[in-house]
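Containing mmCIF, C-alpha atoms: coords06.cif.
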data_data
#
loop_
_atom_site.label_atom_id
_atom_site.label_comp_id
_atom_site.auth_asym_id
_atom_site.auth_seq_id
_atom_site.Cartn_x
_atom_site.Cartn_y
_atom_site.Cartn_z
CA MET A 1 124.73 119.80 84.84
CA GLU A 2 122.82 120.74 81.67
CA GLY A 3 122.19 117.89 79.28
CA ALA A 4 122.99 115.32 81.93
CA LEU A 5 119.46 114.15 82.65
CA HIS A 6 118.61 110.69 81.43
CA LEU A 7 115.36 108.81 81.03
CA LYS A 8 113.97 106.73 83.88
CA LEU A 9 110.87 104.73 83.14
CA THR A 10 108.77 102.86 85.69
CA VAL A 11 106.19 100.31 84.56
CA ARG A 12 103.54 99.12 86.99
CA PHE A 13 100.44 96.97 86.67
CA CYS A 14 97.99 98.50 89.16
CA THR A 15 94.61 97.91 90.71
CA GLU A 16 91.91 100.39 89.76
CA ASP A 17 92.61 102.65 92.75
CA ASN A 18 96.38 102.54 92.00
CA ASP A 19 96.74 101.27 95.52
CA ARG A 20 98.48 98.01 94.79
CA CYS A 21 100.84 97.37 91.94
CA PHE A 22 103.06 94.79 90.34
CA GLY A 23 106.17 96.80 89.55
CA PRO A 24 109.97 96.83 89.65
CA GLY A 25 110.17 96.07 93.39
CA ILE A 26 108.23 92.83 93.35
CA ALA A 27 109.79 91.85 90.01
CA THR A 28 113.31 92.15 91.41
CA LEU A 29 112.24 90.31 94.54
CA LEU A 30 110.86 87.41 92.49
CA ARG A 31 114.03 87.19 90.38
CA GLN A 32 116.08 87.03 93.58
CA VAL A 33 113.82 84.31 95.00
CA GLN A 34 114.40 82.38 91.78
CA ALA A 35 118.15 82.69 92.29
CA LEU A 36 118.27 82.17 96.05
CA HIS A 37 115.26 79.89 96.68
CA SER A 38 114.28 81.89 99.74
CA LEU A 39 112.16 84.97 100.29
CA ARG A 40 114.24 85.90 103.30
CA ALA A 41 117.52 85.68 101.36
CA ALA A 42 115.96 87.54 98.41
CA ALA A 43 114.85 90.40 100.65
CA ALA A 44 118.26 90.56 102.33
CA SER A 45 120.01 90.69 98.94
CA MET A 46 118.01 93.84 98.17
CA GLY A 47 118.55 95.41 101.58
CA MET A 48 114.80 95.01 102.16
CA ALA A 49 113.27 94.01 105.48
CA TYR A 50 111.75 90.53 105.37
CA SER A 51 108.48 91.90 106.72
CA LYS A 52 108.30 94.36 103.82
CA ALA A 53 109.06 91.63 101.27
CA TRP A 54 106.30 89.50 102.77
CA ARG A 55 103.89 92.44 102.66
CA ILE A 56 104.48 93.40 99.02
CA LEU A 57 104.33 89.76 98.01
CA ARG A 58 100.97 89.23 99.75
CA ALA A 59 99.62 92.53 98.33
CA SER A 60 100.59 91.51 94.79
CA GLU A 61 99.11 88.03 95.20
CA SER A 62 95.91 89.52 96.52
CA SER A 63 95.67 91.96 93.59
CA LEU A 64 96.34 89.25 91.06
CA GLY A 65 94.18 86.58 92.63
CA TYR A 66 96.82 83.88 92.54
CA LYS A 67 100.00 82.82 94.31
CA LEU A 68 103.38 84.01 93.03
CA LEU A 69 105.48 81.84 95.34
CA SER A 70 105.08 78.39 96.75
CA SER A 71 107.01 76.73 99.52
CA THR A 72 109.08 73.64 99.00
CA ILE A 73 109.91 71.11 101.68
CA GLY A 74 113.26 69.39 101.63
CA GLY A 75 114.72 68.63 98.21
CA PRO A 76 118.07 69.80 96.86
CA HIS A 77 117.67 73.28 98.39
CA GLY A 78 116.60 72.02 101.78
CA GLY A 79 113.17 73.65 101.54
CA GLY A 80 112.45 77.23 100.65
CA ALA A 81 110.50 79.22 98.12
CA VAL A 82 110.04 78.82 94.38
CA LEU A 83 107.97 80.74 91.88
CA THR A 84 104.64 79.25 90.91
CA PRO A 85 104.17 78.66 87.17
CA GLN A 86 101.80 81.65 87.11
CA GLY A 87 104.35 83.77 88.97
CA GLU A 88 107.08 82.85 86.54
CA ALA A 89 104.85 83.49 83.52
CA LEU A 90 103.80 86.90 84.84
CA LEU A 91 107.37 87.88 85.71
CA ASN A 92 108.60 86.92 82.25
CA ALA A 93 105.71 88.73 80.56
CA TYR A 94 106.28 91.85 82.68
CA GLU A 95 110.00 91.96 81.94
CA ALA A 96 109.54 91.35 78.23
CA TYR A 97 106.92 94.10 78.13
CA CYS A 98 109.23 96.52 80.01
CA ASP A 99 112.08 95.75 77.60
CA GLN A 100 109.93 96.59 74.60
CA ILE A 101 108.76 99.88 76.08
CA ARG A 102 112.31 100.79 77.08
CA ILE A 103 113.64 100.25 73.57
CA TYR A 104 110.92 102.43 72.08
CA SER A 105 111.20 105.13 74.75
CA GLU A 106 114.99 105.36 74.64
CA ALA A 107 114.96 105.74 70.87
CA LEU A 108 112.34 108.49 71.13
CA PHE A 109 114.32 110.16 73.93
CA GLN A 110 117.48 110.16 71.82
CA LYS A 111 115.54 111.63 68.93
CA GLN A 112 113.75 114.32 70.90
CA PHE A 113 116.29 115.22 73.56
CA GLY A 114 119.53 114.16 71.93
CA GLY A 115 120.18 111.63 74.67
CA GLY A 116 120.03 114.23 77.44
CA VAL A 117 117.65 116.98 78.43
CA GLN A 118 119.11 120.22 77.07
CA ILE A 119 118.30 123.81 77.88
CA PRO A 120 115.54 124.63 75.42
CA GLN A 121 116.43 127.53 73.14
CA GLU A 122 114.23 130.59 73.57
CA MET B 1 90.17 90.81 90.95
CA GLU B 2 91.83 88.90 88.07
CA GLY B 3 92.25 90.83 84.85
CA ALA B 4 91.61 94.11 86.61
CA LEU B 5 95.16 95.39 86.65
CA HIS B 6 95.88 98.28 84.33
CA LEU B 7 99.06 99.90 83.13
CA LYS B 8 100.65 102.73 85.07
CA LEU B 9 103.65 104.37 83.49
CA THR B 10 105.93 106.92 85.15
CA VAL B 11 108.38 108.94 83.09
CA ARG B 12 111.20 110.81 84.80
CA PHE B 13 114.23 112.71 83.59
CA CYS B 14 116.87 112.02 86.22
CA THR B 15 120.37 113.02 87.24
CA GLU B 16 123.03 110.38 86.91
CA ASP B 17 122.63 109.17 90.48
CA ASN B 18 118.79 109.07 90.05
CA ASP B 19 118.70 111.38 93.03
CA ARG B 20 116.83 114.25 91.45
CA CYS B 21 114.26 114.00 88.73
CA PHE B 22 111.89 115.98 86.59
CA GLY B 23 108.74 113.86 86.71
CA PRO B 24 104.98 113.89 87.13
CA GLY B 25 105.06 115.78 90.45
CA ILE B 26 106.97 118.83 89.25
CA ALA B 27 105.12 118.73 85.90
CA THR B 28 101.71 118.94 87.61
CA LEU B 29 103.03 121.65 89.92
CA LEU B 30 104.20 123.75 86.96
CA ARG B 31 100.86 123.34 85.16
CA GLN B 32 99.08 124.51 88.29
CA VAL B 33 101.41 127.51 88.61
CA GLN B 34 100.56 128.34 85.00
CA ALA B 35 96.85 128.24 85.88
CA LEU B 36 97.04 129.92 89.28
CA HIS B 37 100.05 132.26 88.92
CA SER B 38 101.29 131.30 92.37
CA LEU B 39 103.50 128.50 93.68
CA ARG B 40 101.69 128.60 96.99
CA ALA B 41 98.24 128.24 95.36
CA ALA B 42 99.58 125.54 93.01
CA ALA B 43 100.91 123.50 95.94
CA ALA B 44 97.65 123.92 97.85
CA SER B 45 95.63 122.74 94.83
CA MET B 46 97.60 119.49 94.92
CA GLY B 47 97.38 119.06 98.69
CA MET B 48 101.13 119.58 98.82
CA ALA B 49 102.93 121.57 101.52
CA TYR B 50 104.37 124.82 100.20
CA SER B 51 107.77 123.91 101.64
CA LYS B 52 107.76 120.66 99.65
CA ALA B 53 106.74 122.45 96.44
CA TRP B 54 109.59 124.90 96.97
CA ARG B 55 112.02 122.06 97.61
CA ILE B 56 111.16 120.00 94.51
CA LEU B 57 111.18 123.16 92.38
CA ARG B 58 114.64 124.15 93.59
CA ALA B 59 115.94 120.59 93.18
CA SER B 60 114.66 120.46 89.60
CA GLU B 61 116.13 123.87 88.77
CA SER B 62 119.45 122.84 90.24
CA SER B 63 119.48 119.58 88.22
CA LEU B 64 118.59 121.37 85.01
CA GLY B 65 120.83 124.39 85.49
CA TYR B 66 118.14 126.94 84.78
CA LYS B 67 115.10 128.54 86.38
CA LEU B 68 111.66 127.05 85.81
CA LEU B 69 109.71 129.86 87.47
CA SER B 70 110.17 133.59 87.70
CA SER B 71 108.44 136.05 89.96
CA THR B 72 106.31 138.87 88.64
CA ILE B 73 105.67 142.12 90.43
CA GLY B 74 102.29 143.78 90.09
CA GLY B 75 100.54 143.43 86.71
CA PRO B 76 97.10 141.92 86.10
CA HIS B 77 97.67 139.12 88.62
CA GLY B 78 99.04 141.40 91.32
CA GLY B 79 102.42 139.71 91.36
CA GLY B 80 103.10 136.00 91.61
CA ALA B 81 104.88 133.28 89.69
CA VAL B 82 105.04 132.48 86.00
CA LEU B 83 106.94 129.85 84.07
CA THR B 84 110.17 130.92 82.41
CA PRO B 85 110.32 130.33 78.64
CA GLN B 86 112.71 127.43 79.34
CA GLY B 87 110.35 126.03 81.96
CA GLU B 88 107.43 126.17 79.60
CA ALA B 89 109.40 124.60 76.76
CA LEU B 90 110.61 121.76 78.98
CA LEU B 91 107.13 121.13 80.39
CA ASN B 92 105.61 120.99 76.92
CA ALA B 93 108.37 118.71 75.66
CA TYR B 94 108.03 116.42 78.69
CA GLU B 95 104.27 116.11 78.32
CA ALA B 96 104.41 115.54 74.57
CA TYR B 97 107.05 112.87 75.13
CA CYS B 98 104.93 111.18 77.85
CA ASP B 99 101.89 111.19 75.55
CA GLN B 100 103.80 109.44 72.79
CA ILE B 101 105.13 106.75 75.13
CA ARG B 102 101.68 106.24 76.65
CA ILE B 103 100.07 105.69 73.25
CA TYR B 104 102.69 103.10 72.31
CA SER B 105 102.67 101.37 75.70
CA GLU B 106 98.88 101.18 75.98
CA ALA B 107 98.62 99.65 72.51
CA LEU B 108 101.27 97.07 73.42
CA PHE B 109 99.56 96.40 76.74
CA GLN B 110 96.23 95.78 75.00
CA LYS B 111 97.95 93.46 72.56
CA GLN B 112 99.94 91.48 75.14
CA PHE B 113 97.61 91.50 78.13
CA GLY B 114 94.25 92.07 76.50
CA GLY B 115 93.80 95.33 78.37
CA GLY B 116 94.20 93.73 81.79
CA VAL B 117 96.67 91.37 83.39
CA GLN B 118 95.15 87.90 83.22
CA ILE B 119 96.05 84.74 85.05
CA PRO B 120 98.64 83.16 82.78
CA GLN B 121 97.65 79.69 81.58
CA GLU B 122 99.91 76.93 82.78
#
Once more with this new file: its structure as structure tokens, please.
Amino acid sequence: MEGALHLKLTVRFCTEDNDRCFGPGIATLLRQVQALHSLRAAAASMGMAYSKAWRILRASESSLGYKLLSSTIGGPHGGGAVLTPQGEALLNAYEAYCDQIRIYSEALFQKQFGGGVQIPQE
Amino acid sequence: MEGALHLKLTVRFCTEDNDRCFGPGIATLLRQVQALHSLRAAAASMGMAYSKAWRILRASESSLGYKLLSSTIGGPHGGGAVLTPQGEALLNAYEAYCDQIRIYSEALFQKQFGGGVQIPQE
């Protein structure tokens, strides 16, 4: 399996104690809410328990100090959840930031490890 | 707590299925083995069970296709564990790579988020 290892990068925005973070889990959840207009459906689409989705959402909102989702009543989707403007702005900023780091890191990985971790020569 | 979130980056070298990785856990463990000349002492210094240390070491070695540690018999340290030349080379390369990504990512984080995630303006 030599040379087969690839780069996996995880970007999180964390509280000082690293206890609560805005990372890939909540980001994917928010994108799914945007697509499905429901926290419950978003969680289900990720194979995540609704109670866990609710918990990581509340933890993120508490860390950030603002709401990421707001509830809608009625309307074309028959009520459900949508991202707040702040939630959408943060999600977009997070993803754009991740993309930039990935591009840099992958290029450096290719350069230093030839695209896969090799057995170092003695 | 607005603006208090900082960047936390995790770099892993993973197998294709993302099942097994060389990341911060095994890297810290190897550094501790280097300092303490013992896998058992290294695990204890991290508050990690010896059985877990053994497991992640074996998993990493199996992913990479080479040994990271070798046992010594007798000598100044009375026997124990040392890093193989390949293990040391990989560890150094991993840490140097992480440092470079951190420098880039922190600079970008400062630039884009002013050093802390702020409430986006609507």
Practice task
Starting from the displayed file, determine the output of the PyMOL selection byres ((chain A) within 6 of (chain B)) and express the residue list as JSON, numbers by chain.
Solution key: {"A": [2, 5, 6, 7, 8, 9, 10, 11, 12, 13, 14, 15, 64, 65, 86, 120]}
Problem - Option closest in space to Thr72 (chain B), from B:Gly114, B:His37, B:Leu30, B:Ala107 [counting all atoms listed in the file] - result: B:His37
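Atom to atom, CA of Ser71 (chain A) and CA of Ser51 (chain A) stand 16.9 Å apart.
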Handout entry: Distance query Arg55 (chain B) at most 12 Å, only C-alpha atoms, self and fewer than 3 positions along chain excluded, as a list in words
Key = Arg20, Gly25, Ile26, Leu29, Leu39, Ala43, Met48, Ala49, Tyr50, Ser51, Lys52, Arg58, Ala59, Ser60, Glu61 and Ser62 of chain B
Take the residues that were just selected and, keeping C-alpha atoms, output them as a compact mmCIF listing (two decimals), in the coordinates of the input.
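Final file, selection-v9.txt:
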# COMPACT_ATOMS: atom_id res chain seq x y z
CA ARG B 20 116.83 114.25 91.45
CA GLY B 25 105.06 115.78 90.45
CA ILE B 26 106.97 118.83 89.25
CA LEU B 29 103.03 121.65 89.92
CA LEU B 39 103.50 128.50 93.68
CA ALA B 43 100.91 123.50 95.94
CA MET B 48 101.13 119.58 98.82
CA ALA B 49 102.93 121.57 101.52
CA TYR B 50 104.37 124.82 100.20
CA SER B 51 107.77 123.91 101.64
CA LYS B 52 107.76 120.66 99.65
CA ARG B 58 114.64 124.15 93.59
CA ALA B 59 115.94 120.59 93.18
CA SER B 60 114.66 120.46 89.60
CA GLU B 61 116.13 123.87 88.77
CA SER B 62 119.45 122.84 90.24
Exercise for the section: Rounded to one decimal place, report the CA of Leu68 (chain B)-CA of Ala41 (chain B) distance in Å. Expected result: 16.5 Å
Handout entry: Resolved residues for the PyMOL selection byres ((chain B and resi 36) around 12) as number ranges by chain
Key = B: 29-35, 37-46, 77-83
